[in-house]
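Reading through the structure tokens given below for one structure.
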Protein chains: 4
Amino acid sequence: MSGSSFGTLFKISTWGESHGKALGVVIDGCPAGIPLCEVDFSEDMKRRAPGQTKYATPRKEADEVEILSGVFEGKTTGTPISLMIKNTSQRSGDYSEVASYYRPGHADYGFDAKFGFRDYRGGGRSSGRETAARVAAGVVAAKLLSELGIKTTAYVKQIGPYACEKNVYSRQVSKEGSSVTTKIEKYIPERDIIEKSPLRMPDPDASQKAEKYLMDCIQENNSSGGLIECVITGVPAGVGDPVFDKLDALLGQAVFSIGAVKGVEIGAGFSVVETKGLDNNDSFLSQSETSSNMDNKNAPDANTAVPDPIKETNNSGGILGGISDGDDIIIRAAFKPTPSISAEQQTVNKDGNPITISVKGRHDPIIVARAVVVVEAMANIVLADRLLVGMSAKLDRIKDFYGK
Amino acid sequence: MSGSSFGTLFKISTWGESHGKALGVVIDGCPAGIPLCEVDFSEDMKRRAPGQTKYATPRKEADEVEILSGVFEGKTTGTPISLMIKNTSQRSGDYSEVASYYRPGHADYGFDAKFGFRDYRGGGRSSGRETAARVAAGVVAAKLLSELGIKTTAYVKQIGPYACEKNVYSRQVSKEGSSVTTKIEKYIPERDIIEKSPLRMPDPDASQKAEKYLMDCIQENNSSGGLIECVITGVPAGVGDPVFDKLDALLGQAVFSIGAVKGVEIGAGFSVVETKGLDNNDSFLSQSETSSNMDNKNAPDANTAVPDPIKETNNSGGILGGISDGDDIIIRAAFKPTPSISAEQQTVNKDGNPITISVKGRHDPIIVARAVVVVEAMANIVLADRLLVGMSAKLDRIKDFYGK
Amino acid sequence: MSGSSFGTLFKISTWGESHGKALGVVIDGCPAGIPLCEVDFSEDMKRRAPGQTKYATPRKEADEVEILSGVFEGKTTGTPISLMIKNTSQRSGDYSEVASYYRPGHADYGFDAKFGFRDYRGGGRSSGRETAARVAAGVVAAKLLSELGIKTTAYVKQIGPYACEKNVYSRQVSKEGSSVTTKIEKYIPERDIIEKSPLRMPDPDASQKAEKYLMDCIQENNSSGGLIECVITGVPAGVGDPVFDKLDALLGQAVFSIGAVKGVEIGAGFSVVETKGLDNNDSFLSQSETSSNMDNKNAPDANTAVPDPIKETNNSGGILGGISDGDDIIIRAAFKPTPSISAEQQTVNKDGNPITISVKGRHDPIIVARAVVVVEAMANIVLADRLLVGMSAKLDRIKDFYGK
Amino acid sequence: MSGSSFGTLFKISTWGESHGKALGVVIDGCPAGIPLCEVDFSEDMKRRAPGQTKYATPRKEADEVEILSGVFEGKTTGTPISLMIKNTSQRSGDYSEVASYYRPGHADYGFDAKFGFRDYRGGGRSSGRETAARVAAGVVAAKLLSELGIKTTAYVKQIGPYACEKNVYSRQVSKEGSSVTTKIEKYIPERDIIEKSPLRMPDPDASQKAEKYLMDCIQENNSSGGLIECVITGVPAGVGDPVFDKLDALLGQAVFSIGAVKGVEIGAGFSVVETKGLDNNDSFLSQSETSSNMDNKNAPDANTAVPDPIKETNNSGGILGGISDGDDIIIRAAFKPTPSISAEQQTVNKDGNPITISVKGRHDPIIVARAVVVVEAMANIVLADRLLVGMSAKLDRIKDFYGK
């Protein structure tokens with residue numbers, strides 16, 4: 001069924017269960033020459049790791065990434081990079097009861113129906129712990145992207161009813177009189193601002209309200225859903241492919257493949273339902289018309305003859321017809337409340353008989369704070385892959401490449 | 001760049017431009033023995049075809065599907081099925097001006113950045129006309145699915161501010177007293193109800209209001225966004241794969257790959273952000289507990305030992321952890337307003353200079369009515385593929401298959 | 001089963017049966033900007049076409065290639081190129097009897113076992129006619145390769161016991177005295193020499209003997225096997241991948257996928273079994289040491305620091321460890337005798353009962369003469385794909401590409 | 001460049017360098033329910049391991065396979081199986097000199113040209129040690145195949161000029177008088193006979209002569225090529241796909257992807273060049289006509305209507321038109337002499353200057369004895385994949401599967 005591989009040229013294959021010996025990923029197709037060492041993984045692994053705040057499971061995992069292959073003398077060699085993260089805090093005993101019934105909101109029933117049985121320890125392969133391998137792969141993708149001037153930033157936009165106020169992705173536009181000069185501003189929160197909030201919400205007020213809301217959830221033995229927003233800057237125009245491998249389609253698959261995601265938006269997202277074409281279309285502006293804090297002069301490459309316009313708005317979310325338009329890429333993902341809650345729930349056991357359960361174990365009351373780095377990782381993996389694939393789109397560039 | 005193929009075992013490769021000789025699709029991996037003839041394509045092709053109502057482009061296309069290979073004596077042979085749809089109403093002259101500038105909301109700029117030039121006639125490869133080949137492939141997928149008792153129904157849920165009232169996807173649940181009996185009802189509109197509305201909105205009142213709204217858009221030389229909902233019944237539990245090839249992830253890619261889609265939801269979708277776990281989790285109920293009009297007793301297959309529970313609610317949208325849970329699959333997709341509008345817009349030309357344009361040609365003021373069948377097609381293609389892939393998940397079933 | 005697609009970035013999907021309406025191929029991933037028109041296909045299609053000599057089936061097919069998509073204003077656009085070849089000389093009546101039994105040496109039995117039935121007309125999908133689509137795709141690949149200075153030449157090396165004498169692939173080496181200067185010569189037959197022989201054997205004496213041998217075969221209602229040799233010049237060093245996608249492994253798959261091929265060799269091939277390492281290893285020589293008629297100064301690209309040595313011998317056939325070494329690539333393929341012969345043969349019918357048959361229809365007494373261009377096509381398709389894939393191997397080249 | 005993955009449904013991704021921390025493989029798509037434990041790997045890993053005889057490198061490696069994921073309570077779970085083999089005998093010091101020049105017969109030059117640098121320790125990724133991961137994956141494939149009655153046996157057929165006499169793959173046929181009864185015998189050496197020879201040649205006389213020949217090679221600081229033959233029994237008819245994914249084409253890729261292979265044959269192989277159709281075609285015989293020691297009554301499955309004939313000969317090598325014909329599958333592979341020899345050789349260094357080298361380190365004078373199990377592994381991986389893929393070929397079987 002081959003469902004654990006992703007990508008065409010920058011291809012990842014993840015493996016591992018929540019309570020097995022280890023988890024990991026093989027990256028096949030990472031270009032040679034990228035500096036990489038084990039310390040590079042620490043920050044992102046820690047952002048995803050459990051036990052960091054009271055809003056996350058207290059399970060403690062070192063989540064140290066070991067490089068087993070593909071790096072020599074501090075650089076990637078172009079051959080498969082095998083990364084392993086050992087599981088150190090398995091408590092399988094917590095889960096033995098789970099084997100006999102189907103937890104609501106979990107994949108238990110589908111797994112039994114598909115495979116005939118399942119590794120029930122901590123969700124096995126469908127545990128959120130599976131994302132550790134994605135984050136490790138995402139670090140490698142990010143190293144490649146940073147060499148190309150591309151940066152990805154995700155944060156929590158909303159938890160329950162509490163949303164960050166500043167509309168970070170949209171830009172303020174003001175035409176000054178009859179002058180064609182246009183002023184464009186955008187706001188993308190810096191990593192340190194985001195990390196100041198235990199919930200990774202860059203708006204301190206919203207963060208505090210959400211914290212209180214979550215404390216209530218915890219007391220109710222309940223959990224909450226949330227919304228993540230992700231902005232990618234520096235992507236040149238021309239990345240992505242016209243039909244099934246549209247950049248947004250692959251980002252859609254990538255983000256939907258994160259457990260608990262129930263909705264994905266690009267740019268203006270669902271709000272387009274109620275808008276009209278004239279408002280939703282983003283006018284292209286000549287660079288000479290604008291004064292902005294936008295630095296992404298993203299003409300696709302040095303020797304391309306296309307101009308380098310700026311869009312007046314960014315309802316497209318940086319992607320038109322599946323191809324990047326040189327603007328910031330904006331993704332939003334809705335995460336459902338953690339299904340593992342200790343409140344009582346109705347379900348059936350393996351014999352089909354009704355029972356009442358209370359899910360034990362060490363669970364997160366909210367997923368989004370830890371999932372921010374997972375969304376970044378998946379976005380980076382898609383971008384890395386499409387940037388490599390895109391090198392072969394034009395004959396003249398291929399001839400340049402091969403010195404003809 | 002290989003972006004025009006999709007699927008693992010039921011694999012489609014589409015081709016063709018809006019104003020070229022023809023469009024088409026090659027289906028590689030369709031099982032042998034499915035009855036198929038050219039008439040089978042008529043209804044769905046007509047549902048997508050232009051010129052059917054005043055809310056669609058008046059371009060007239062016969063959109064007849066010709067079977068060029070893979071069918072013998074009225075049945076599929078298991079070898080590639082090549083389907084071709086000739087273009088009969090090209091008016092390339094309408095588009096010659098487009099070559100020199102970048103239409104807002106279109107892929108023009110990205111195409112030039114990526115490929116160096118583009119077939120500018122009617123959007124070329126990025127034209128909505130490309131979906132004709134998807135619909136043709138979807139018909140073949142649907143024929144396979146219908147043999148397995150699976151049916152897909154899509155309709156327009158909302159246009160501008162006007163939404164169908166009946167919450168078709170959610171079910172009414174009422175526990176009767178202390179009895180464990182639960183009454184579950186669901187409402188999925190029948191095809192003939194949907195087709196009665198020129199906008200394919202099964203709610204006559206909403207449809208009429210939306211029609212009026214669209215007439216205003218047309219008069220303003222403007223266009224409107226809309227929302228499509230799609231329900232798939234009869235999918236057995238256990239379809240889809242745990243990690244990157246989650247059923248929802250592949251549906252996400254498939255639906256996002258339709259031009260103009262800016263958001264996709266499964267089940268409760270974005271509403272999960274504001275809900276709590278206890279409310280969002282769908283309790284499993286024993287069949288003996290329920291009296292319902294639900295006929296989808298979807299235990300995955302005859303010789304599987306898993307029980308066949310019904311979920312009290314369907315916030316999951318029929319998919320948990322990427323694997324079908326035996327319930328109806330619910331997808332929603334937000335389509336942006338048609339970017340081709342004849343109202344004046346600002347943009348830049350190929351030299352980077354600002355110009356004012358008005359897009360000429362024959363365009364749709366709304367896409368969703370014609371896109372309903374495209375969403376169905378993409379969903380069916382994903383389902384067909386995953387049902388075939390899923391046959392190899394368990395040793396005992398493989399041994400049965402090979403008579404061991 | 002998806003067995004009709006091939007390639008990663010330059011991906012082809014073929015379709016069509018021998019006696020259906022048409023055959024064709026969709027090329028997804030061909031770079032934009034390659035000049036292409038329908039006349040470009042004529043020469044290669046004619047080389048493959050039936051009815052050209054008395055050593056080929058007298059079936060007459062125009063084999064004209066129609067370009068349905070992917071080309072605009074005389075250049076490839078980067079979107080899928082759909083090519084169609086109409087069948088004009090179907091005589092299905094010739095084959096109706098074949099439906100009831102299994103021809104020895106044919107795929108009939110396997111097809112029935114796999115698919116339950118088959119399009120028995122002229123072998124259906126397993127007809128040699130299927131290769132027409134490969135040749136069409138090969139023409140496009142060759143156009144790309146020619147822009148990069150790569151040329152592929154195949155010819156018939158042997159038919160029955162009659163082999164071309166000149167050992168075209170091996171090179172004469174003579175060290176002159178104590179001088180380190182080495183003289184290297186090679187002989188690759190020109191297309192016009194090859195085409196002078198109706199059997200495409202560049203050795204006139206061998207060709208004449210083989211012709212007489214084949215006339216005897218025809219009189220005996222029998223057929224003959226043959227050997228094709230293929231030389232590719234101008235491939236830069238560094239093409240191909242280290243493990244499963246070794247250049248020779250993909251060439252192996254590509255050539256074995258041509259019906260009737262029972263053996264494939266690279267370079268010294270099966271003769272390596274009886275040689276020793278010191279003889280089989282090809283010494284690298286400094287360019288300054290050599291005077292040769294070798295023009296393939298194939299350092300992989302302009303800005304690579306590796307030297308550009310010449311090998312003293314070419315037992316490697318241009319590939320070491322799956323990666324091109326800058327030398328000529330040498331492939332040999334053994335084709336079995338045409339299985340369709342009108343001599344009497346024993347077989348069984350669909351009921352399992354023994355019968356005696358004589359295969360009617362219009363068949364070739366020898367395949368290799370027409371297959372020469374098919375081997376070239378498959379080699380070119382592999383090369384085109386791997387050259388595109390190889391562009392993403394190194395960080396510094398990627399940074400150059402994206403102007404960083 | 002993604003060259004380290006192989007397979008469609010039973011997909012393997014290998015990783016690891018000769019002198020890195022470890023090597024391994026991730027198997028994605030192995031069906032659930034196959035009994036598997038670490039001991040299962042011992043025998044095959046030992047057959048491949050170095051240091052077993054004086055005809056192999058004395059490097060000592062335990063080559064113990066560790067199962068990191070995908071197995072629970074002794075059975076495969078259907079999720080990725082991660083297997084790791086730690087390197088325990090790295091002596092990188094032996095290789096430091098190699099960094100500065102290009103060893104003849106090795107991938108050194110191609111690696112530098114492709115990636116810009118290489119892990120030069122022991123050949124890095126292009127070391128024969130890479131095959132350890134293939135053998136581990138092959139064990140899992142073999143476990144699946146054994147459940148389906150399929151068995152793969154490879155052995156050394158020839159070393160230098162010394163070949164096993166008994167023509168194991170061809171069968172003796174004798175028609176008795178005018179009776180239609182046909183006697184068919186075949187000889188496939190048993191594993192214990194093969195293992196009695198240190199060179200894995202099942203003919204004791206040939207083995208002894210080859211041993212003496214190899215002792216001479218060792219004394220000359222030289223090495224020898226060899227030939228492996230592989231027989232697969234029990235494969236049902238109908239496995240493999242008609243065009244590019246022909247069973248022989250995929251076996252061709254799989255076997256050519258083993259380093260040092262320069263030629264691959266199926267069935268009669270290169271001998272077909274000199275034979276005629278009437279001799280090469282294998283007549284189908286009714287089972288009632290034959291008395292044989294052939295037990296492979298391989299009608300594809302219980303509910304298929306095709307008969308179950310036996311072929312009088314097996315020149316096809318069990319594959320016709322890319323699809324298995326129910327007969328034994330026969331593959332032969334030519335391995336070049338080990339390129340690492342301590343005899344003096346000419347080459348160039350990284351500056352392009354000529355130098356004389358003598359390859360140090362611990363090398364095998366012959367590869368085939370250790371490669372026997374690698375050929376088996378690759379054949380098993382292809383078969384496992386195609387058997388899973390083949391389950392979706394026919395509608396009636398799919399309906400059976402899903403209980404419709």
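FYI, nothing fancy with the structure tokens labels: chains A, B, ... in order, residues from 1 per chain, ligands from 1 as they appear.
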**Message:** At a cut-off of 7 Å, using only C-alpha atoms, what residues contact Arg118 in chain A? Leave out same-chain residues fewer than 6 positions from it and give the result as a PyMOL selection string.
**Reply:** (chain A and resi 111-112) or (chain D and resi 77)
For the interface of chain C with chain B (cut-off 8 Å, counting only C-alpha atoms), please tabulate each contacting residue of chain C alongside its nearest pair of atoms and their separation in Å to one decimal, rows sorted by chain and increasing number, as a Markdown table.
| residue | atom | partner | partner_atom | distance |
| --- | --- | --- | --- | --- |
| C:Met1 | CA | B:Gly29 | CA | 4.3 |
| C:Ser2 | CA | B:Gly29 | CA | 4.4 |
| C:Gly3 | CA | B:Asp28 | CA | 7.1 |
| C:Ser4 | CA | B:Asp28 | CA | 6.5 |
| C:Ser5 | CA | B:Asp28 | CA | 7.8 |
| C:Thr8 | CA | B:Ser2 | CA | 7.3 |
| C:Leu9 | CA | B:Met1 | CA | 5.3 |
| C:Phe10 | CA | B:Ser2 | CA | 6.9 |
| C:Lys11 | CA | B:Ser2 | CA | 6.3 |
| C:Ser13 | CA | B:Ser13 | CA | 7.5 |
| C:Thr14 | CA | B:Pro80 | CA | 7.6 |
| C:Trp15 | CA | B:Pro80 | CA | 5.3 |
| C:Gly16 | CA | B:Ser69 | CA | 5.0 |
| C:Glu17 | CA | B:Ser69 | CA | 6.4 |
| C:Gly20 | CA | B:Ser69 | CA | 6.1 |
| C:Lys21 | CA | B:Leu68 | CA | 5.6 |
| C:Ala22 | CA | B:Leu68 | CA | 6.1 |
| C:Leu23 | CA | B:Ser69 | CA | 7.6 |
| C:Val26 | CA | B:Trp15 | CA | 7.2 |
| C:Asp28 | CA | B:Ser2 | CA | 4.9 |
| C:Gly29 | CA | B:Met1 | CA | 4.4 |
| C:Cys30 | CA | B:Met1 | CA | 7.5 |
| C:Pro31 | CA | B:Phe115 | CA | 7.8 |
| C:Ala32 | CA | B:Phe115 | CA | 5.6 |
| C:Gly33 | CA | B:Phe115 | CA | 7.8 |
| C:Leu68 | CA | B:Lys21 | CA | 5.5 |
| C:Ser69 | CA | B:Gly16 | CA | 5.0 |
| C:Gly70 | CA | B:Gly16 | CA | 6.9 |
| C:Phe72 | CA | B:Asp119 | CA | 5.9 |
| C:Thr77 | CA | B:Arg118 | CA | 6.3 |
| C:Gly78 | CA | B:Phe115 | CA | 6.4 |
| C:Thr79 | CA | B:Arg125 | CA | 7.0 |
| C:Pro80 | CA | B:Trp15 | CA | 5.3 |
| C:Ile81 | CA | B:Trp15 | CA | 7.0 |
| C:Ser82 | CA | B:Trp15 | CA | 6.4 |
| C:Phe115 | CA | B:Ala32 | CA | 5.7 |
| C:Gly116 | CA | B:Ala32 | CA | 7.5 |
| C:Phe117 | CA | B:Thr77 | CA | 7.3 |
| C:Arg118 | CA | B:Thr77 | CA | 6.3 |
| C:Asp119 | CA | B:Phe72 | CA | 5.9 |
| C:Arg125 | CA | B:Thr79 | CA | 7.0 |
**Request:** List every residue of range 49-296 of chain B that DSSP, applied to the backbone of this structure, assigns to alpha helix (DSSP H), and report them as a VMD selection string.
**Result:** chain B and resid 108 to 115 131 to 147 191 to 196 204 to 219 247 to 256 277 to 280
**Which of range 309-368 of chain D fall in strand (DSSP E), as a ChimeraX atom specification** = /D:310-311,319-320,323-324,329-335,345-348,354-357
**Asked** Separation of CA of Glu97 in chain C and CA of Thr347 in chain C, in Å?
**Response**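 Atom-to-atom, CA of Glu97 in chain C and CA of Thr347 in chain C are spaced 13.6 Å apart.
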**Message:** Using only C-alpha atoms, can you tell me which of B:Met215, B:Ile85, B:Val140, B:Leu227 comes closest to Ala163 in chain B?
**Reply:** B:Leu227
